[in-house]
file start07.cif (mmCIF, C-alpha atoms)
data_input
loop_
_atom_site.label_atom_id
_atom_site.label_comp_id
_atom_site.auth_asym_id
_atom_site.auth_seq_id
_atom_site.Cartn_x
_atom_site.Cartn_y
_atom_site.Cartn_z
CA MET A 20 14.84 3.98 -12.35
CA SER A 21 15.99 3.61 -8.79
CA ALA A 22 19.32 2.04 -7.97
CA TYR A 23 17.41 -0.71 -6.23
CA GLY A 24 15.81 -1.87 -9.49
CA ALA A 25 18.52 -3.21 -11.78
CA ARG A 26 17.74 -3.31 -15.47
CA ARG A 27 18.27 -6.22 -17.82
CA THR A 28 17.05 -6.67 -21.33
CA LEU A 29 15.36 -10.03 -20.88
CA ARG A 30 15.20 -12.38 -17.95
CA GLY A 31 14.01 -15.97 -17.90
CA MET A 32 11.18 -16.43 -15.43
CA ASN A 33 9.80 -19.77 -14.30
CA PHE A 34 6.07 -20.02 -13.76
CA ILE A 35 4.69 -22.92 -11.73
CA CYS A 36 1.03 -23.79 -11.38
CA VAL A 37 0.05 -26.58 -9.02
CA ALA A 38 -2.99 -28.19 -10.64
CA PRO A 39 -2.59 -32.01 -10.57
CA GLN A 40 -6.13 -32.66 -11.79
CA ALA A 41 -5.96 -30.30 -14.78
CA GLN A 42 -5.96 -31.50 -18.38
CA SER A 43 -4.29 -28.39 -19.77
CA VAL A 44 -2.69 -25.28 -18.34
CA SER A 45 -1.43 -22.21 -20.19
CA LEU A 46 0.30 -19.05 -19.11
CA VAL A 47 -1.45 -15.91 -20.34
CA GLY A 48 -0.47 -12.29 -19.81
CA ASP A 49 0.25 -8.91 -21.32
CA PHE A 50 3.51 -10.34 -22.70
CA ASN A 51 1.67 -12.84 -24.97
CA LYS A 52 -1.48 -10.74 -25.52
CA TRP A 53 -3.41 -13.19 -23.31
CA ASN A 54 -3.14 -15.82 -26.02
CA PRO A 55 -3.37 -19.32 -24.45
CA ALA A 56 -1.67 -20.92 -27.46
CA GLU A 57 1.48 -18.85 -26.94
CA ASN A 58 2.82 -20.36 -23.68
CA PRO A 59 1.33 -23.79 -22.92
CA MET A 60 2.67 -25.20 -19.64
CA LYS A 61 4.27 -28.62 -19.31
CA ARG A 62 3.02 -31.11 -16.76
CA MET A 63 5.73 -32.21 -14.34
CA PRO A 64 5.90 -35.60 -12.51
CA ASP A 65 4.67 -34.02 -9.26
CA GLY A 66 1.50 -32.71 -10.88
CA ALA A 67 2.67 -29.13 -11.12
CA TRP A 68 2.78 -27.33 -14.48
CA LEU A 69 5.86 -25.40 -15.58
CA VAL A 70 6.89 -22.95 -18.25
CA MET A 71 9.84 -20.59 -18.60
CA VAL A 72 9.29 -17.28 -20.34
CA GLU A 73 11.77 -14.51 -21.07
CA LEU A 74 10.42 -11.19 -19.90
CA ALA A 75 11.61 -7.60 -20.14
CA HIS A 76 12.25 -5.35 -17.15
CA GLY A 77 9.05 -4.00 -15.67
CA HIS A 78 5.77 -5.20 -14.17
CA HIS A 79 3.76 -7.86 -15.94
CA ARG A 80 0.13 -8.91 -15.53
CA TYR A 81 -0.51 -12.61 -15.95
CA ALA A 82 -2.66 -15.56 -14.94
CA PHE A 83 -2.90 -19.31 -15.47
CA LEU A 84 -5.59 -20.69 -17.73
CA VAL A 85 -6.44 -23.98 -16.02
CA ASP A 86 -8.79 -26.04 -18.22
CA GLY A 87 -10.04 -22.76 -19.63
CA ASN A 88 -10.51 -21.03 -16.27
CA LEU A 89 -8.52 -17.90 -15.48
CA THR A 90 -6.69 -18.64 -12.22
CA LEU A 91 -4.57 -16.38 -10.00
CA ASP A 92 -1.07 -17.43 -9.04
CA PRO A 93 -1.14 -17.93 -5.25
CA ARG A 94 2.59 -17.21 -5.15
CA ALA A 95 2.40 -13.95 -7.07
CA GLN A 96 3.84 -10.77 -5.60
CA GLY A 97 0.77 -8.75 -6.43
CA VAL A 98 -2.80 -8.61 -7.66
CA THR A 99 -4.36 -6.25 -10.19
CA ARG A 100 -6.96 -6.41 -12.98
CA ASN A 101 -6.53 -6.96 -16.70
CA ASP A 102 -8.19 -4.85 -19.40
CA GLN A 103 -11.32 -6.99 -19.11
CA GLY A 104 -11.58 -6.22 -15.40
CA GLU A 105 -10.63 -9.73 -14.31
CA ARG A 106 -8.39 -10.16 -11.29
CA VAL A 107 -4.94 -11.26 -12.38
CA SER A 108 -1.49 -11.66 -10.87
CA LEU A 109 1.41 -9.25 -10.94
CA LEU A 110 5.08 -10.03 -11.50
CA PRO A 111 7.99 -7.59 -11.20
CA VAL A 112 11.03 -8.29 -13.36
CA SER A 113 14.19 -6.41 -12.45
CA MET B 23 5.79 4.33 -18.95
CA ALA B 24 4.96 7.93 -19.81
CA THR B 25 8.28 9.60 -20.53
CA ASP B 26 7.56 12.91 -18.81
CA ALA B 27 5.86 11.40 -15.77
CA LYS B 28 7.64 11.88 -12.47
CA ILE B 29 7.47 9.98 -9.23
CA HIS B 30 7.20 12.17 -6.12
CA PRO B 31 8.57 10.47 -2.98
CA VAL B 32 7.01 11.83 0.24
CA VAL B 33 8.66 10.67 3.47
CA ILE B 34 6.75 10.90 6.74
CA TYR B 35 9.40 11.50 9.39
CA PRO B 36 8.78 9.50 12.61
CA PHE B 37 6.70 11.45 15.13
CA ARG B 38 8.80 10.02 17.96
CA GLN B 39 12.49 10.23 17.18
CA PRO B 40 14.00 6.75 17.57
CA GLY B 41 16.96 6.35 19.90
CA HIS B 42 19.28 5.35 17.07
CA TYR B 43 19.48 6.46 13.47
CA SER B 44 20.30 3.18 11.73
CA ASP B 45 16.81 2.72 10.27
CA LEU B 46 16.54 6.32 9.11
CA GLU B 47 20.07 6.28 7.72
CA GLU B 48 19.17 3.25 5.61
CA LEU B 49 15.99 4.96 4.43
CA TYR B 50 17.81 8.16 3.49
CA GLN B 51 20.38 6.20 1.50
CA LEU B 52 17.45 5.24 -0.70
CA ILE B 53 16.15 8.83 -0.68
CA ALA B 54 19.60 10.07 -1.73
CA ARG B 55 19.55 7.68 -4.71
CA LEU B 56 16.08 8.84 -5.69
CA ASP B 57 17.18 12.47 -5.41
CA GLU B 58 20.07 11.77 -7.79
CA ASP B 59 17.80 10.17 -10.41
CA LYS B 60 16.18 13.39 -11.56
CA ASP B 61 14.82 11.88 -14.78
CA THR B 62 12.55 9.56 -12.82
CA TYR B 63 11.96 11.27 -9.49
CA ALA B 64 10.94 14.73 -8.38
CA ARG B 65 12.86 16.18 -5.44
CA PRO B 66 11.76 14.09 -2.42
CA ILE B 67 9.80 15.77 0.36
CA THR B 68 10.16 14.97 4.07
CA VAL B 69 7.34 16.02 6.38
CA ILE B 70 8.44 16.71 9.95
CA ASP B 71 5.90 17.52 12.63
CA ARG B 72 6.88 20.70 14.46
CA LYS B 73 6.26 18.92 17.75
CA THR B 74 8.93 16.37 16.80
CA HIS B 75 11.32 19.16 15.91
CA PHE B 76 10.77 21.18 19.09
CA ALA B 77 11.03 18.08 21.27
CA MET B 78 14.47 17.47 19.75
CA GLU B 79 15.72 21.02 19.19
CA ALA B 80 18.39 20.71 21.87
CA ASP B 81 19.59 17.36 20.54
CA LYS B 82 22.71 17.82 18.42
CA ALA B 83 22.48 14.37 16.82
CA PHE B 84 18.95 15.12 15.61
CA LEU B 85 19.86 18.58 14.33
CA ASP B 86 22.91 17.19 12.52
CA PHE B 87 20.90 14.37 10.97
CA ARG B 88 18.19 16.76 9.90
CA LYS B 89 20.66 19.21 8.34
CA ASN B 90 23.21 16.82 6.85
CA THR B 91 21.00 13.97 5.73
CA VAL B 92 17.30 14.81 5.63
CA ALA B 93 17.58 18.36 4.27
CA ARG B 94 20.42 17.38 1.94
CA HIS B 95 18.44 14.76 0.08
CA SER B 96 14.91 16.14 0.41
CA ASP B 97 12.92 19.33 0.88
CA VAL B 98 11.79 19.50 4.50
CA LEU B 99 8.18 20.48 5.10
CA ASP B 100 7.77 21.59 8.71
CA ALA B 101 4.12 21.37 9.68
CA TRP B 102 1.98 21.41 12.80
CA CYS B 103 -0.04 18.21 12.50
CA VAL B 104 -2.71 16.65 14.71
CA ASP B 105 -1.98 13.15 13.44
CA THR B 106 0.06 11.17 10.93
CA CYS B 107 -2.73 11.46 8.38
CA GLN B 108 -2.40 15.24 8.51
CA MET B 109 1.30 14.79 7.79
CA TRP B 110 0.27 12.71 4.77
CA CYS B 111 -2.16 15.42 3.69
CA SER B 112 0.46 18.17 4.02
CA GLY B 113 3.20 16.22 2.24
CA LEU B 114 1.09 14.75 -0.53
CA GLY B 115 -0.65 18.12 -0.94
CA LEU B 116 2.65 19.94 -1.43
CA ALA B 117 3.91 17.28 -3.85
CA TYR B 118 0.61 17.44 -5.75
CA GLU B 119 0.98 21.19 -6.22
CA GLN B 120 4.44 20.59 -7.71
CA GLY B 121 3.29 17.69 -9.91
CA GLY B 122 1.73 17.19 -13.31
CA PRO B 123 -1.19 15.15 -14.63
CA ASP B 124 0.87 12.02 -15.40
CA ASP B 125 2.75 12.01 -12.10
CA VAL B 126 2.57 9.51 -9.28
CA TYR B 127 3.01 10.18 -5.56
CA TRP B 128 4.75 7.68 -3.33
CA LEU B 129 4.19 7.73 0.42
CA ILE B 130 7.07 6.35 2.49
CA PRO B 131 6.52 6.00 6.24
CA GLY B 132 9.67 6.77 8.21
CA ASP B 133 8.93 4.74 11.33
CA PHE B 134 9.83 1.26 10.11
CA ASN B 135 12.85 -0.89 10.82
CA TYR B 136 14.59 -0.34 7.50
CA GLY B 137 18.00 -0.96 9.08
CA THR B 138 17.40 -4.66 9.55
CA ALA B 139 18.16 -7.26 6.88
CA VAL B 140 14.47 -7.70 6.17
CA GLY B 141 13.95 -3.94 6.21
CA ARG B 142 16.59 -3.53 3.52
CA GLU B 143 14.79 -6.10 1.42
CA VAL B 144 11.60 -4.08 1.81
CA LEU B 145 13.41 -0.90 0.77
CA GLY B 146 14.48 -2.75 -2.36
CA ARG B 147 10.88 -3.47 -3.24
CA LEU B 148 9.12 -0.22 -2.33
CA HIS B 149 9.99 1.41 -5.66
CA ASP B 150 7.68 -1.10 -7.32
CA LEU B 151 4.60 0.69 -5.94
CA PRO B 152 4.89 3.92 -7.97
CA GLU B 153 6.30 2.02 -10.96
CA ILE B 154 3.20 -0.21 -11.03
CA CYS B 155 1.02 2.92 -11.04
CA LEU B 156 2.99 4.35 -13.95
CA GLU B 157 3.52 1.23 -16.05
CA LEU B 158 0.09 -0.32 -15.60
CA GLN B 159 -1.91 2.92 -15.41
CA GLN B 160 -3.11 2.21 -11.90
CA ASP B 161 -4.77 4.83 -9.70
CA LEU B 162 -3.67 3.29 -6.42
CA CYS B 163 -1.12 0.64 -5.52
CA ILE B 164 -1.13 -0.63 -1.95
CA GLY B 165 1.98 -2.17 -0.46
CA GLU B 166 1.20 -5.19 1.64
CA ILE B 167 3.37 -6.49 4.45
CA ALA B 168 3.27 -10.14 5.42
CA THR B 169 2.38 -10.81 9.04
CA ASP B 170 1.32 -13.89 10.91
CA HIS B 171 -2.28 -14.25 12.03
CA ASN B 172 -1.40 -13.38 15.62
CA ASN B 173 0.28 -10.10 14.71
CA SER B 174 -1.55 -7.27 16.49
CA LYS B 175 -2.11 -5.28 13.29
CA GLN B 176 -3.52 -8.36 11.60
CA LEU B 177 -5.83 -8.96 14.58
CA ILE B 178 -7.05 -5.35 14.51
CA ASP B 179 -7.75 -5.56 10.77
CA THR B 180 -9.48 -8.95 10.96
CA TYR B 181 -11.72 -8.31 13.97
CA GLY B 182 -11.94 -4.52 13.79
CA THR B 183 -11.34 -2.91 10.40
CA PHE B 184 -12.85 -5.56 8.14
CA ALA B 185 -15.67 -6.44 10.55
CA LEU B 186 -16.69 -2.78 10.67
CA LEU B 187 -16.27 -2.39 6.90
CA TYR B 188 -18.57 -5.39 6.34
CA ASN B 189 -21.18 -3.65 8.49
CA TRP B 190 -21.08 -0.16 6.98
CA PHE B 191 -19.99 -0.95 3.40
CA PRO B 192 -20.48 -4.70 2.79
CA GLU B 193 -20.09 -4.69 -1.01
CA GLU B 194 -17.13 -2.36 -1.01
CA ALA B 195 -15.48 -4.34 1.80
CA GLN B 196 -15.59 -7.51 -0.29
CA GLU B 197 -14.00 -5.69 -3.20
CA ILE B 198 -11.28 -4.21 -0.97
CA ARG B 199 -10.49 -7.59 0.53
CA GLN B 200 -9.97 -9.03 -2.95
CA TYR B 201 -6.96 -6.73 -3.08
CA THR B 202 -5.56 -6.48 0.38
CA GLU B 203 -5.59 -7.87 3.89
CA ARG B 204 -3.98 -4.65 5.10
CA PRO B 205 -6.49 -1.84 4.47
CA ARG B 206 -4.57 0.46 6.82
CA SER B 207 -1.22 0.03 5.06
CA GLU B 208 0.99 3.10 5.09
CA PHE B 209 2.83 2.00 1.97
CA PHE B 210 1.11 3.19 -1.17
CA ALA B 211 1.47 5.08 -4.42
CA ILE B 212 -1.31 7.16 -5.90
CA ARG B 213 -1.85 8.70 -9.33
CA HIS B 214 -2.21 12.48 -9.78
CA SER B 215 -5.87 12.48 -10.80
CA PHE B 216 -6.92 10.24 -7.93
CA LEU B 217 -4.85 12.21 -5.41
CA ARG B 218 -6.56 15.36 -6.67
CA GLU B 219 -9.90 13.70 -6.00
CA VAL B 220 -9.07 12.58 -2.47
CA LEU B 221 -7.31 15.81 -1.50
CA ARG B 222 -10.32 17.88 -2.48
CA GLN B 223 -12.66 15.81 -0.40
CA ARG B 224 -12.74 15.84 3.37
CA TRP B 225 -9.41 14.49 4.52
CA TYR B 226 -9.86 12.39 7.62
CA ALA B 227 -7.43 12.73 10.48
CA TYR B 228 -7.02 8.98 10.72
CA GLU B 229 -7.34 5.74 8.77
CA GLN B 230 -6.93 7.61 5.51
CA THR B 231 -5.87 4.46 3.60
CA VAL B 232 -9.26 2.91 4.38
CA VAL B 233 -10.91 6.10 3.12
CA MET B 234 -8.88 6.03 -0.10
CA LEU B 235 -9.65 2.36 -0.69
CA LEU B 236 -13.36 3.02 -0.24
CA GLN B 237 -13.18 6.02 -2.56
CA ALA B 238 -11.34 3.91 -5.13
CA VAL B 239 -14.10 1.29 -5.02
CA PHE B 240 -16.90 3.90 -5.08
CA THR B 241 -15.48 5.39 -8.26
CA ASN B 242 -14.19 2.20 -9.96
CA LYS B 243 -10.56 3.16 -9.83
CA HIS B 244 -7.78 0.85 -10.98
CA MET B 245 -6.16 -0.71 -7.93
CA SER B 246 -3.26 -3.06 -7.38
CA ARG B 247 -1.70 -4.74 -4.40
CA PHE B 248 1.96 -5.54 -4.20
CA PHE B 249 3.79 -7.59 -1.59
CA VAL B 250 6.69 -5.60 -0.14
CA GLY B 251 7.96 -8.10 2.38
CA ASN B 252 8.01 -8.80 6.07
CA ILE B 253 8.52 -5.90 8.40
CA SER B 254 7.40 -4.78 11.83
CA ASP B 255 6.64 -1.35 13.22
CA LEU B 256 9.03 0.37 15.54
CA PRO B 257 9.20 -0.08 18.46
CA GLU B 258 9.15 -3.80 18.09
CA GLY B 259 6.61 -5.79 20.01
CA ARG B 260 2.88 -6.08 20.23
CA GLU B 261 0.55 -3.15 20.51
CA SER B 262 -1.28 -2.67 23.75
CA PHE B 263 -4.96 -3.49 24.06
CA SER B 264 -5.79 0.19 24.63
CA SER B 265 -3.93 1.18 21.45
CA ALA B 266 -5.72 -1.55 19.48
CA LEU B 267 -9.07 -0.44 20.85
CA GLN B 268 -8.33 3.16 19.95
CA GLN B 269 -7.59 2.12 16.37
CA VAL B 270 -10.85 0.18 16.11
CA GLU B 271 -12.80 3.14 17.52
CA ARG B 272 -11.17 5.51 15.06
CA THR B 273 -12.04 3.24 12.16
CA GLU B 274 -15.64 3.11 13.34
CA ARG B 275 -15.84 6.92 13.59
CA VAL B 276 -14.44 7.33 10.07
CA LEU B 277 -16.80 4.75 8.55
CA LYS B 278 -19.81 6.34 10.27
CA SER B 279 -18.84 9.74 8.90
CA ILE B 280 -18.36 8.46 5.35
CA TRP B 281 -21.64 6.54 5.46
CA ARG B 282 -23.51 9.64 6.62
CA GLU B 283 -21.88 11.81 3.97
CA ARG B 284 -22.97 9.39 1.25
CA ASN B 285 -26.44 8.66 2.56
CA GLN B 286 -27.70 11.87 4.16
CA PRO B 287 -29.25 13.10 0.90
CA LYS B 288 -31.46 9.98 0.82
CA ALA B 289 -34.89 10.04 2.44
CA GLY B 290 -35.21 7.92 5.56
CA TRP B 291 -31.46 7.55 6.01
CA THR B 292 -31.72 7.94 9.78
CA ASP B 293 -33.61 4.66 10.23
CA GLN B 294 -30.97 2.70 8.37
CA TYR B 295 -28.24 4.59 10.19
CA ARG B 296 -29.67 3.56 13.57
CA ILE B 297 -29.70 -0.11 12.53
CA LEU B 298 -26.12 0.05 11.26
CA GLU B 299 -24.99 1.94 14.35
CA THR B 300 -26.48 -0.72 16.63
CA GLN B 301 -24.78 -3.46 14.62
CA SER B 302 -21.57 -1.48 14.59
CA GLU B 303 -21.57 -1.28 18.37
CA GLN B 304 -21.99 -5.06 18.50
CA VAL B 305 -19.08 -5.50 16.10
CA ARG B 306 -16.91 -3.15 18.16
CA ARG B 307 -17.80 -4.92 21.41
CA THR B 308 -16.95 -8.29 19.87
CA ALA B 309 -13.64 -6.89 18.62
CA MET B 310 -12.98 -5.57 22.15
CA ILE B 311 -13.51 -9.03 23.65
CA ILE B 312 -11.25 -10.73 21.10
CA LEU B 313 -8.51 -8.12 21.27
CA LYS B 314 -8.68 -8.09 25.08
CA ASN B 315 -8.21 -11.87 25.11
CA LEU B 316 -5.35 -11.77 22.64
CA LEU B 317 -3.56 -8.53 23.49
CA GLY B 318 -4.77 -7.54 26.95
#
call {"tool": "encode", "arguments": {"input": "start07.cif", "output": "structure tokens"}}
result
Amino acid sequence: MSAYGARRTLRGMNFICVAPQAQSVSLVGDFNKWNPAENPMKRMPDGAWLVMVELAHGHHRYAFLVDGNLTLDPRAQGVTRNDQGERVSLLPVS
Amino acid sequence: MATDAKIHPVVIYPFRQPGHYSDLEELYQLIARLDEDKDTYARPITVIDRKTHFAMEADKAFLDFRKNTVARHSDVLDAWCVDTCQMWCSGLGLAYEQGGPDDVYWLIPGDFNYGTAVGREVLGRLHDLPEICLELQQDLCIGEIATDHNNSKQLIDTYGTFALLYNWFPEEAQEIRQYTERPRSEFFAIRHSFLREVLRQRWYAYEQTVVMLLQAVFTNKHMSRFFVGNISDLPEGRESFSSALQQVERTERVLKSIWRERNQPKAGWTDQYRILETQSEQVRRTAMIILKNLLG
């Protein structure tokens, strides 16, 4: 890989979803096989939801499941589609 | 990532040689690193328009830079080109002929301010474009640059490119806009099979990214968009109204041609074409008024 993309085995990544009205929010992505039970997010005092996940080097597709609705991350670095053709967010991990 | 897949970097050398080499030197430091990583990257290609070369053939600094930097870290393709898109066609075409079915081709425009702090940050992110194509099996990955709403390129795309796209290809335009606000981006990576498809079709002399995006939507290709940072074209500053107008007119010509190519086999296409052409003229005139007010 290019010298600009440093490799690490695993890197902790924080995911934040601002959804103060939501009852439940989960992080879903290729890294947890889109399983909402795998990475439930914790509600913070400011109404945002937070979870930290360790991810391997590479590009990861993900989304937030907000009360069951697949939701893009407005702060994501990219947009793509998952295997079901739904628009999802893109995260690079270097 | 497919183990035997290679990434082919294709650099489009600036048509007008900048007065200083700091941006190009920064870019070719990246190209040198890519050239060293032979497991991942094919030998980079730099396309230089012959007009650029002959305009600078008496300039020792240019000749030294070309010989000691450009030619050292990449294969130089000298080509007579009518426009930047023909440089793309020549460079990507050559890389395609050297590539294999799993390979990905990475277009790198040379005329950006890579020497600035922000430019260096962008250089650090560009490699993501071909990697996304490889890792996520994408056919096309568009690099998007953040601009403010008053940036001239943003204005051209909002009032020209997208307005015209919504007229000629309304469904496809909506799909494209779900991915990118910069349908004329010069930063992209494209997979071998999709490049084969677009190379074998009519290659337009301008606005080729718009053409590729449309083709990707027509044929349900896998597309991604990736944010590469904040950067401005060289020379810095706003584009003139006449330049903006020229870009809108070129987009209109391309969209008309594509529409006709796709619809000519259908009976009664001329009636619909006349309606769209009338609307298109209205869109272009509106764009002219807005761009004149904002850039003129």
call {"tool": "interface_residues", "arguments": {"input": "start07.cif", "of": "chain B", "to": "chain A", "cutoff": "9 Å", "atoms": "only C-alpha atoms", "output": "JSON, numbers by chain"}}
result
{"B": [52, 55, 56, 59, 61, 62, 63, 145, 146, 147, 149, 150, 153, 154, 157, 158, 160, 163, 165, 166, 200, 201, 202, 244, 245, 246, 247, 248, 249, 250]}
call {"tool": "write_last_selection", "arguments": {"input": "start07.cif", "atoms": "C-alpha atoms", "output": "JSON list (two decimals), in the frame of the given file"}}
result
[["chain", "number", "residue", "atom", "x", "y", "z"],
["B", 52, "LEU", "CA", 17.45, 5.24, -0.70],
["B", 55, "ARG", "CA", 19.55, 7.68, -4.71],
["B", 56, "LEU", "CA", 16.08, 8.84, -5.69],
["B", 59, "ASP", "CA", 17.80, 10.17, -10.41],
["B", 61, "ASP", "CA", 14.82, 11.88, -14.78],
["B", 62, "THR", "CA", 12.55, 9.56, -12.82],
["B", 63, "TYR", "CA", 11.96, 11.27, -9.49],
["B", 145, "LEU", "CA", 13.41, -0.90, 0.77],
["B", 146, "GLY", "CA", 14.48, -2.75, -2.36],
["B", 147, "ARG", "CA", 10.88, -3.47, -3.24],
["B", 149, "HIS", "CA", 9.99, 1.41, -5.66],
["B", 150, "ASP", "CA", 7.68, -1.10, -7.32],
["B", 153, "GLU", "CA", 6.30, 2.02, -10.96],
["B", 154, "ILE", "CA", 3.20, -0.21, -11.03],
["B", 157, "GLU", "CA", 3.52, 1.23, -16.05],
["B", 158, "LEU", "CA", 0.09, -0.32, -15.60],
["B", 160, "GLN", "CA", -3.11, 2.21, -11.90],
["B", 163, "CYS", "CA", -1.12, 0.64, -5.52],
["B", 165, "GLY", "CA", 1.98, -2.17, -0.46],
["B", 166, "GLU", "CA", 1.20, -5.19, 1.64],
["B", 200, "GLN", "CA", -9.97, -9.03, -2.95],
["B", 201, "TYR", "CA", -6.96, -6.73, -3.08],
["B", 202, "THR", "CA", -5.56, -6.48, 0.38],
["B", 244, "HIS", "CA", -7.78, 0.85, -10.98],
["B", 245, "MET", "CA", -6.16, -0.71, -7.93],
["B", 246, "SER", "CA", -3.26, -3.06, -7.38],
["B", 247, "ARG", "CA", -1.70, -4.74, -4.40],
["B", 248, "PHE", "CA", 1.96, -5.54, -4.20],
["B", 249, "PHE", "CA", 3.79, -7.59, -1.59],
["B", 250, "VAL", "CA", 6.69, -5.60, -0.14]]
call {"tool": "resolve_selection", "arguments": {"input": "start07.cif", "expression": "the PyMOL selection byres ((chain A and resi 51) around 12)", "output": "count of residues only"}}
result
21
call {"tool": "closest_residue", "arguments": {"input": "start07.cif", "among": "A:Asp92, A:Trp68, A:Asp102, A:Thr28", "to": "Gln40 in chain A", "atoms": "only C-alpha atoms"}}
result
A:Trp68
call {"tool": "resolve_selection", "arguments": {"input": "start07.cif", "expression": "the PyMOL selection byres ((chain B and resi 53) around 10)", "output": "list in words"}}
result
Ser21 of chain A; Pro31, Val32, Val33, Glu47, Glu48, Leu49, Tyr50, Gln51, Leu52, Ala54, Arg55, Leu56, Asp57, Glu58, Asp59, Arg65, Pro66, Ile67, Thr68, Thr91, Val92, Arg94, His95, Ser96 and Ile130 of chain B
call {"tool": "atom_distance", "arguments": {"input": "start07.cif", "atom1": "CA of Val232 in chain B", "atom2": "CA of Phe184 in chain B"}}
result
9.9 Å
call {"tool": "atom_distance", "arguments": {"input": "start07.cif", "atom1": "CA of Thr74 in chain B", "atom2": "CA of Gln39 in chain B"}}
result
7.1 Å
call {"tool": "atom_distance", "arguments": {"input": "start07.cif", "atom1": "CA of Arg282 in chain B", "atom2": "CA of Tyr295 in chain B"}}
result
7.8 Å
call {"tool": "resolve_selection", "arguments": {"input": "start07.cif", "expression": "the PyMOL selection byres ((chain B and resi 206-215) around 6)", "output": "list in words"}}
result
Pro123, Asp125, Val126, Tyr127, Trp128, Leu129, Leu151, Pro152, Asp161, Leu162, Cys163, Ile164, Gly165, Arg204, Pro205, Phe216, Leu217, Arg218, Thr231 and Val232 of chain B
call {"tool": "closest_residue", "arguments": {"input": "start07.cif", "among": "A:Cys36, A:Leu29, A:Leu84, A:Leu91", "to": "Arg62 in chain A", "atoms": "all atoms listed in the file"}}
result
A:Cys36
call {"tool": "residues_around", "arguments": {"input": "start07.cif", "residues": "Ile198 in chain B", "least_positions_apart": "6", "cutoff": "9 Å", "atoms": "all atoms listed in the file", "output": "list in words"}}
result
Pro205, Leu235, Leu236 and Val239 of chain B
call {"tool": "residues_around", "arguments": {"input": "start07.cif", "residues": "Phe76 in chain B", "least_positions_apart": "6", "cutoff": "12 Å", "atoms": "all atoms listed in the file", "output": "CSV table (one decimal) with C-alpha atoms, keeping the file's coordinate frame"}}
result
chain,number,residue,atom,x,y,z
B,37,PHE,CA,6.7,11.4,15.1
B,38,ARG,CA,8.8,10.0,18.0
B,39,GLN,CA,12.5,10.2,17.2
B,70,ILE,CA,8.4,16.7,10.0
B,84,PHE,CA,19.0,15.1,15.6
B,85,LEU,CA,19.9,18.6,14.3
B,100,ASP,CA,7.8,21.6,8.7
B,101,ALA,CA,4.1,21.4,9.7
B,102,TRP,CA,2.0,21.4,12.8
call {"tool": "closest_residue", "arguments": {"input": "start07.cif", "among": "B:Glu197, B:Asp81, B:Asp45, B:Asp179", "to": "Pro131 in chain B", "atoms": "only C-alpha atoms"}}
result
B:Asp45
